[in-house]
$ cat model21.cif   # mmCIF, N, CA and C atoms
data_protein
#
loop_
_atom_site.label_atom_id
_atom_site.label_comp_id
_atom_site.auth_asym_id
_atom_site.auth_seq_id
_atom_site.Cartn_x
_atom_site.Cartn_y
_atom_site.Cartn_z
N PRO A 1 102.34 109.88 102.43
CA PRO A 1 103.24 110.24 101.33
C PRO A 1 102.66 109.82 99.98
N GLN A 2 103.03 110.53 98.96
CA GLN A 2 102.58 110.23 97.60
C GLN A 2 103.79 110.03 96.71
N GLY A 3 103.61 109.29 95.64
CA GLY A 3 104.71 109.09 94.71
C GLY A 3 104.31 108.26 93.52
N GLN A 4 105.25 108.15 92.59
CA GLN A 4 105.07 107.35 91.39
C GLN A 4 106.27 106.43 91.28
N GLY A 5 106.00 105.18 90.90
CA GLY A 5 107.08 104.21 90.79
C GLY A 5 107.19 103.61 89.41
N THR A 6 108.38 103.13 89.09
CA THR A 6 108.63 102.38 87.86
C THR A 6 109.52 101.20 88.21
N ALA A 7 109.49 100.21 87.36
CA ALA A 7 110.39 99.06 87.46
C ALA A 7 110.66 98.61 86.04
N TYR A 8 111.94 98.48 85.69
CA TYR A 8 112.24 98.00 84.35
C TYR A 8 113.48 97.14 84.37
N SER A 9 113.59 96.27 83.36
CA SER A 9 114.71 95.35 83.31
C SER A 9 115.79 95.91 82.40
N ALA A 10 117.03 95.62 82.79
CA ALA A 10 118.20 96.02 82.01
C ALA A 10 119.32 95.04 82.33
N ASP A 11 119.79 94.33 81.31
CA ASP A 11 120.89 93.39 81.48
C ASP A 11 120.63 92.37 82.59
N GLU A 12 119.44 91.75 82.56
CA GLU A 12 119.03 90.71 83.52
C GLU A 12 118.92 91.21 84.96
N LYS A 13 118.87 92.52 85.15
CA LYS A 13 118.66 93.11 86.47
C LYS A 13 117.43 93.99 86.41
N LEU A 14 116.87 94.25 87.57
CA LEU A 14 115.72 95.14 87.66
C LEU A 14 116.16 96.46 88.28
N ARG A 15 115.75 97.54 87.67
CA ARG A 15 115.97 98.86 88.26
C ARG A 15 114.64 99.31 88.82
N LEU A 16 114.62 99.59 90.10
CA LEU A 16 113.43 100.02 90.81
C LEU A 16 113.58 101.51 91.12
N GLU A 17 112.59 102.30 90.79
CA GLU A 17 112.66 103.75 91.02
C GLU A 17 111.33 104.28 91.53
N VAL A 18 111.42 105.23 92.45
CA VAL A 18 110.24 105.92 92.96
C VAL A 18 110.57 107.40 93.07
N SER A 19 109.65 108.23 92.59
CA SER A 19 109.70 109.68 92.82
C SER A 19 108.65 109.98 93.87
N GLY A 20 109.08 110.39 95.04
CA GLY A 20 108.16 110.68 96.13
C GLY A 20 107.98 112.17 96.33
N ASP A 21 106.97 112.53 97.10
CA ASP A 21 106.77 113.94 97.43
C ASP A 21 107.69 114.31 98.61
N LYS A 22 107.60 115.56 99.06
CA LYS A 22 108.49 116.04 100.12
C LYS A 22 108.28 115.32 101.44
N ASP A 23 107.13 114.66 101.62
CA ASP A 23 106.85 113.94 102.86
C ASP A 23 107.42 112.52 102.87
N THR A 24 107.86 112.00 101.73
CA THR A 24 108.36 110.63 101.65
C THR A 24 109.74 110.55 102.29
N ALA A 25 109.83 109.77 103.36
CA ALA A 25 111.10 109.63 104.08
C ALA A 25 111.88 108.39 103.64
N ARG A 26 111.17 107.31 103.30
CA ARG A 26 111.84 106.08 102.88
C ARG A 26 110.89 105.24 102.04
N VAL A 27 111.52 104.36 101.24
CA VAL A 27 110.76 103.52 100.32
C VAL A 27 111.33 102.11 100.35
N SER A 28 110.43 101.12 100.37
CA SER A 28 110.81 99.72 100.25
C SER A 28 110.03 99.12 99.09
N ALA A 29 110.56 98.03 98.54
CA ALA A 29 109.87 97.31 97.47
C ALA A 29 109.68 95.87 97.92
N ILE A 30 108.50 95.35 97.66
CA ILE A 30 108.22 93.93 97.88
C ILE A 30 108.21 93.29 96.50
N LEU A 31 109.10 92.34 96.29
CA LEU A 31 109.24 91.69 94.99
C LEU A 31 108.44 90.40 94.95
N PRO A 32 108.06 89.93 93.77
CA PRO A 32 107.18 88.77 93.66
C PRO A 32 107.72 87.50 94.30
N TRP A 33 109.01 87.39 94.46
CA TRP A 33 109.59 86.18 95.08
C TRP A 33 109.78 86.39 96.59
N ASN A 34 108.99 87.32 97.16
CA ASN A 34 108.93 87.59 98.61
C ASN A 34 110.23 88.13 99.19
N GLU A 35 110.93 88.94 98.42
CA GLU A 35 112.11 89.65 98.91
C GLU A 35 111.73 91.10 99.13
N LYS A 36 112.17 91.66 100.25
CA LYS A 36 111.94 93.08 100.53
C LYS A 36 113.26 93.81 100.33
N VAL A 37 113.21 94.89 99.55
CA VAL A 37 114.40 95.67 99.22
C VAL A 37 114.16 97.11 99.64
N HIS A 38 115.14 97.70 100.31
CA HIS A 38 115.07 99.11 100.69
C HIS A 38 115.71 99.94 99.58
N LEU A 39 115.01 100.94 99.10
CA LEU A 39 115.54 101.80 98.05
C LEU A 39 116.33 102.94 98.68
N ALA A 40 117.44 103.27 98.06
CA ALA A 40 118.31 104.35 98.55
C ALA A 40 117.83 105.68 97.97
N ALA A 41 117.97 106.74 98.76
CA ALA A 41 117.65 108.08 98.28
C ALA A 41 118.79 108.57 97.40
N SER A 42 118.45 109.25 96.32
CA SER A 42 119.45 109.82 95.43
C SER A 42 120.21 110.93 96.15
N THR A 43 121.49 111.04 95.88
CA THR A 43 122.28 112.12 96.50
C THR A 43 121.96 113.47 95.87
N GLN A 44 121.52 113.49 94.60
CA GLN A 44 121.18 114.75 93.94
C GLN A 44 119.76 115.21 94.25
N ASN A 45 118.85 114.26 94.51
CA ASN A 45 117.46 114.62 94.74
C ASN A 45 116.89 113.69 95.81
N PRO A 46 116.70 114.17 97.04
CA PRO A 46 116.25 113.29 98.13
C PRO A 46 114.83 112.76 97.97
N GLN A 47 114.09 113.23 96.97
CA GLN A 47 112.74 112.68 96.72
C GLN A 47 112.77 111.56 95.69
N ARG A 48 113.94 111.18 95.19
CA ARG A 48 114.09 110.08 94.23
C ARG A 48 114.77 108.92 94.95
N PHE A 49 114.19 107.74 94.81
CA PHE A 49 114.71 106.54 95.47
C PHE A 49 114.94 105.47 94.41
N PHE A 50 115.98 104.62 94.59
CA PHE A 50 116.25 103.60 93.59
C PHE A 50 116.97 102.40 94.21
N ALA A 51 116.89 101.29 93.49
CA ALA A 51 117.64 100.08 93.84
C ALA A 51 117.79 99.26 92.56
N ILE A 52 118.84 98.47 92.51
CA ILE A 52 119.05 97.54 91.41
C ILE A 52 119.14 96.15 92.02
N VAL A 53 118.32 95.24 91.51
CA VAL A 53 118.29 93.87 92.05
C VAL A 53 118.37 92.87 90.91
N GLU A 54 118.89 91.70 91.22
CA GLU A 54 118.94 90.61 90.24
C GLU A 54 117.90 89.58 90.63
N PRO A 55 116.91 89.37 89.77
CA PRO A 55 115.89 88.39 90.11
C PRO A 55 116.46 86.98 90.07
N PRO A 56 115.88 86.07 90.85
CA PRO A 56 116.29 84.67 90.76
C PRO A 56 116.07 84.15 89.33
N ALA A 57 116.83 83.16 88.94
CA ALA A 57 116.76 82.63 87.57
C ALA A 57 115.34 82.24 87.18
N ALA A 58 114.57 81.68 88.09
CA ALA A 58 113.20 81.26 87.79
C ALA A 58 112.28 82.44 87.47
N TRP A 59 112.66 83.65 87.85
CA TRP A 59 111.80 84.82 87.64
C TRP A 59 112.27 85.69 86.48
N GLN A 60 113.43 85.42 85.93
CA GLN A 60 113.95 86.25 84.83
C GLN A 60 113.11 86.06 83.59
N GLY A 61 112.79 87.17 82.92
CA GLY A 61 112.01 87.14 81.70
C GLY A 61 110.51 87.01 81.89
N ARG A 62 110.06 86.96 83.11
CA ARG A 62 108.63 86.82 83.39
C ARG A 62 107.99 88.19 83.60
N ALA A 63 106.69 88.26 83.39
CA ALA A 63 105.95 89.47 83.71
C ALA A 63 105.91 89.60 85.23
N LEU A 64 106.24 90.75 85.74
CA LEU A 64 106.34 90.95 87.19
C LEU A 64 105.58 92.18 87.62
N GLN A 65 105.16 92.17 88.88
CA GLN A 65 104.62 93.36 89.53
C GLN A 65 105.47 93.63 90.77
N VAL A 66 105.74 94.90 91.01
CA VAL A 66 106.50 95.32 92.18
C VAL A 66 105.59 96.19 93.03
N THR A 67 105.58 95.93 94.33
CA THR A 67 104.79 96.72 95.27
C THR A 67 105.74 97.61 96.06
N TYR A 68 105.50 98.91 96.03
CA TYR A 68 106.32 99.87 96.77
C TYR A 68 105.58 100.32 98.02
N LEU A 69 106.31 100.43 99.11
CA LEU A 69 105.79 100.97 100.37
C LEU A 69 106.48 102.29 100.63
N LEU A 70 105.75 103.38 100.54
CA LEU A 70 106.29 104.71 100.82
C LEU A 70 105.91 105.07 102.25
N THR A 71 106.88 105.52 103.02
CA THR A 71 106.65 105.84 104.42
C THR A 71 107.13 107.25 104.71
N ASP A 72 106.33 108.01 105.47
CA ASP A 72 106.77 109.35 105.87
C ASP A 72 107.35 109.30 107.28
N ARG A 73 107.77 110.44 107.79
CA ARG A 73 108.41 110.49 109.12
C ARG A 73 107.45 110.16 110.26
N ALA A 74 106.15 110.29 110.03
CA ALA A 74 105.14 109.96 111.04
C ALA A 74 104.68 108.51 110.92
N HIS A 75 105.36 107.74 110.06
CA HIS A 75 105.09 106.32 109.83
C HIS A 75 103.77 106.05 109.09
N ASN A 76 103.22 107.06 108.41
CA ASN A 76 102.09 106.83 107.52
C ASN A 76 102.62 106.13 106.28
N ARG A 77 101.83 105.26 105.69
CA ARG A 77 102.28 104.50 104.53
C ARG A 77 101.32 104.62 103.36
N THR A 78 101.90 104.59 102.18
CA THR A 78 101.16 104.51 100.94
C THR A 78 101.72 103.31 100.18
N VAL A 79 100.83 102.53 99.58
CA VAL A 79 101.25 101.36 98.81
C VAL A 79 100.89 101.60 97.36
N ILE A 80 101.88 101.41 96.48
CA ILE A 80 101.62 101.48 95.04
C ILE A 80 102.19 100.23 94.37
N THR A 81 101.52 99.77 93.34
CA THR A 81 101.96 98.58 92.62
C THR A 81 102.17 98.95 91.16
N VAL A 82 103.30 98.51 90.60
CA VAL A 82 103.60 98.79 89.20
C VAL A 82 103.97 97.50 88.48
N ASP A 83 103.71 97.47 87.18
CA ASP A 83 104.10 96.36 86.33
C ASP A 83 105.51 96.63 85.80
N LEU A 84 106.27 95.57 85.62
CA LEU A 84 107.61 95.68 85.07
C LEU A 84 107.53 96.16 83.63
N GLU A 85 108.33 97.18 83.31
CA GLU A 85 108.43 97.68 81.94
C GLU A 85 109.61 96.98 81.27
N LYS A 86 109.40 96.52 80.06
CA LYS A 86 110.49 95.82 79.35
C LYS A 86 111.06 96.68 78.27
#

$ encode --input "model21.cif" --output "structure tokens"
Amino acid sequence: PQGQGTAYSADEKLRLEVSGDKDTARVSAILPWNEKVHLAASTQNPQRFFAIVEPPAAWQGRALQVTYLLTDRAHNRTVITVDLEK
């Protein structure tokens, strides 16, 4: 699967977004504090995935990188890493 991801902060929360191709079945994010988050598919567009998370207090306001795992129905994976946009 192929896709593009973004991560940005809003009101002390992180919004995680991925636009995947037609082969992308599911997306997870690995956060810098070792939390894994599953992104939900948009109801309007099944190739768009998102999640909103609140970072721990020690991580708020810091420069962050988010790693996305895109998986297709055959369990092939693509890994992409993005920097947090402020």

$ resolve_selection --input "model21.cif" --expression "the PyMOL selection byres ((chain A and resi 56-68) around 7)" --output "PyMOL selection string"
chain A and resi 12+27-32+54-55+69-70+78-84

$ closest_residue --input "model21.cif" --among "A:Ala41, A:Gln4, A:Phe49, A:Thr71" --to "Leu16 of chain A" --atoms "all atoms listed in the file"
A:Phe49

$ atom_distance --input "model21.cif" --atom1 "atom C of Val37 of chain A" --atom2 "atom C of Val18 of chain A"
12.7 Å

$ atom_distance --input "model21.cif" --atom1 "atom CA of Glu17 of chain A" --atom2 "atom CA of Ala74 of chain A"
22.3 Å

$ atom_distance --input "model21.cif" --atom1 "atom CA of Pro46 of chain A" --atom2 "atom CA of Trp33 of chain A"
28.1 Å

$ closest_residue --input "model21.cif" --among "A:Val53, A:Ala40, A:Asp72, A:Arg77" --to "Ala7 of chain A" --atoms "only C-alpha atoms"
A:Val53

$ closest_residue --input "model21.cif" --among "A:Arg48, A:Glu85, A:Arg73, A:Asn34" --to "Thr6 of chain A" --atoms "all atoms listed in the file"
A:Glu85

$ decode --input "model21.cif" --residues "segment 30-43 of chain A" --atoms "all heavy atoms" --output "CSV table (one decimal), in the first residue's frame"
chain,number,residue,atom,x,y,z
A,30,ILE,N,2.6,4.7,15.3
A,30,ILE,CA,3.5,4.4,16.4
A,30,ILE,C,4.0,5.8,16.9
A,30,ILE,O,4.6,6.5,16.1
A,30,ILE,CB,4.7,3.5,16.1
A,30,ILE,CG1,4.3,2.2,15.4
A,30,ILE,CG2,5.6,3.3,17.3
A,30,ILE,CD1,3.5,1.3,16.3
A,31,LEU,N,3.7,6.2,18.1
A,31,LEU,CA,4.0,7.5,18.7
A,31,LEU,C,5.3,7.4,19.5
A,31,LEU,O,5.7,6.4,19.9
A,31,LEU,CB,2.8,7.9,19.5
A,31,LEU,CG,1.5,8.0,18.8
A,31,LEU,CD1,0.3,8.3,19.7
A,31,LEU,CD2,1.5,9.0,17.7
A,32,PRO,N,6.0,8.5,19.6
A,32,PRO,CA,7.3,8.5,20.2
A,32,PRO,C,7.3,8.0,21.6
A,32,PRO,O,8.4,7.6,22.1
A,32,PRO,CB,7.7,10.0,20.2
A,32,PRO,CG,6.8,10.7,19.3
A,32,PRO,CD,5.6,9.9,19.1
A,33,TRP,N,6.2,8.0,22.3
A,33,TRP,CA,6.2,7.5,23.7
A,33,TRP,C,5.7,6.1,23.8
A,33,TRP,O,5.3,5.5,24.7
A,33,TRP,CB,5.3,8.4,24.6
A,33,TRP,CG,3.9,8.7,24.1
A,33,TRP,CD1,2.8,7.9,24.3
A,33,TRP,CD2,3.5,9.7,23.2
A,33,TRP,NE1,1.7,8.4,23.6
A,33,TRP,CE2,2.1,9.6,23.0
A,33,TRP,CE3,4.2,10.8,22.7
A,33,TRP,CZ2,1.4,10.4,22.2
A,33,TRP,CZ3,3.5,11.7,21.9
A,33,TRP,CH2,2.1,11.5,21.6
A,34,ASN,N,6.0,5.4,22.6
A,34,ASN,CA,5.7,3.9,22.5
A,34,ASN,C,4.3,3.5,22.6
A,34,ASN,O,3.9,2.4,23.1
A,34,ASN,CB,6.6,3.1,23.4
A,34,ASN,CG,8.0,3.2,23.0
A,34,ASN,OD1,8.4,3.3,21.9
A,34,ASN,ND2,8.9,3.3,24.0
A,35,GLU,N,3.4,4.4,22.2
A,35,GLU,CA,1.9,4.0,22.1
A,35,GLU,C,1.6,3.7,20.7
A,35,GLU,O,2.0,4.4,19.7
A,35,GLU,CB,1.1,5.2,22.6
A,35,GLU,CG,-0.4,4.9,22.6
A,35,GLU,CD,-1.2,6.1,23.1
A,35,GLU,OE1,-0.7,7.1,23.5
A,35,GLU,OE2,-2.5,6.0,23.0
A,36,LYS,N,0.8,2.7,20.4
A,36,LYS,CA,0.3,2.3,19.1
A,36,LYS,C,-1.2,2.7,19.0
A,36,LYS,O,-2.0,2.3,19.9
A,36,LYS,CB,0.5,0.8,18.8
A,36,LYS,CG,0.1,0.5,17.4
A,36,LYS,CD,0.4,-1.0,17.2
A,36,LYS,CE,0.1,-1.4,15.7
A,36,LYS,NZ,0.5,-2.8,15.5
A,37,VAL,N,-1.5,3.5,18.0
A,37,VAL,CA,-2.9,3.9,17.8
A,37,VAL,C,-3.4,3.5,16.5
A,37,VAL,O,-2.7,3.6,15.5
A,37,VAL,CB,-2.9,5.5,17.9
A,37,VAL,CG1,-4.3,6.0,17.6
A,37,VAL,CG2,-2.4,6.0,19.2
A,38,HIS,N,-4.6,2.9,16.4
A,38,HIS,CA,-5.2,2.5,15.2
A,38,HIS,C,-6.0,3.7,14.6
A,38,HIS,O,-6.9,4.3,15.4
A,38,HIS,CB,-6.1,1.3,15.4
A,38,HIS,CG,-5.3,0.1,15.8
A,38,HIS,ND1,-4.5,-0.6,15.0
A,38,HIS,CD2,-5.2,-0.4,17.1
A,38,HIS,CE1,-3.9,-1.6,15.7
A,38,HIS,NE2,-4.3,-1.5,16.9
A,39,LEU,N,-5.8,4.1,13.4
A,39,LEU,CA,-6.6,5.1,12.8
A,39,LEU,C,-7.9,4.6,12.2
A,39,LEU,O,-7.9,3.5,11.6
A,39,LEU,CB,-5.7,5.8,11.7
A,39,LEU,CG,-4.7,6.8,12.2
A,39,LEU,CD1,-3.5,6.1,12.9
A,39,LEU,CD2,-4.1,7.6,11.0
A,40,ALA,N,-8.9,5.4,12.3
A,40,ALA,CA,-10.2,5.0,11.8
A,40,ALA,C,-10.4,5.5,10.4
A,40,ALA,O,-9.8,6.5,10.0
A,40,ALA,CB,-11.3,5.6,12.7
A,41,ALA,N,-11.1,4.7,9.6
A,41,ALA,CA,-11.3,5.1,8.2
A,41,ALA,C,-12.5,6.1,8.2
A,41,ALA,O,-13.4,6.0,9.0
A,41,ALA,CB,-11.7,3.9,7.3
A,42,SER,N,-12.3,7.1,7.3
A,42,SER,CA,-13.4,8.2,7.2
A,42,SER,C,-14.6,7.5,6.6
A,42,SER,O,-14.6,6.7,5.7
A,42,SER,CB,-12.9,9.3,6.3
A,42,SER,OG,-13.9,10.1,5.9
A,43,THR,N,-15.8,8.0,7.1
A,43,THR,CA,-17.1,7.5,6.5
A,43,THR,C,-17.3,8.0,5.1
A,43,THR,O,-18.0,7.4,4.3
A,43,THR,CB,-18.2,7.8,7.5
A,43,THR,OG1,-18.3,9.2,7.7
A,43,THR,CG2,-18.1,7.1,8.8
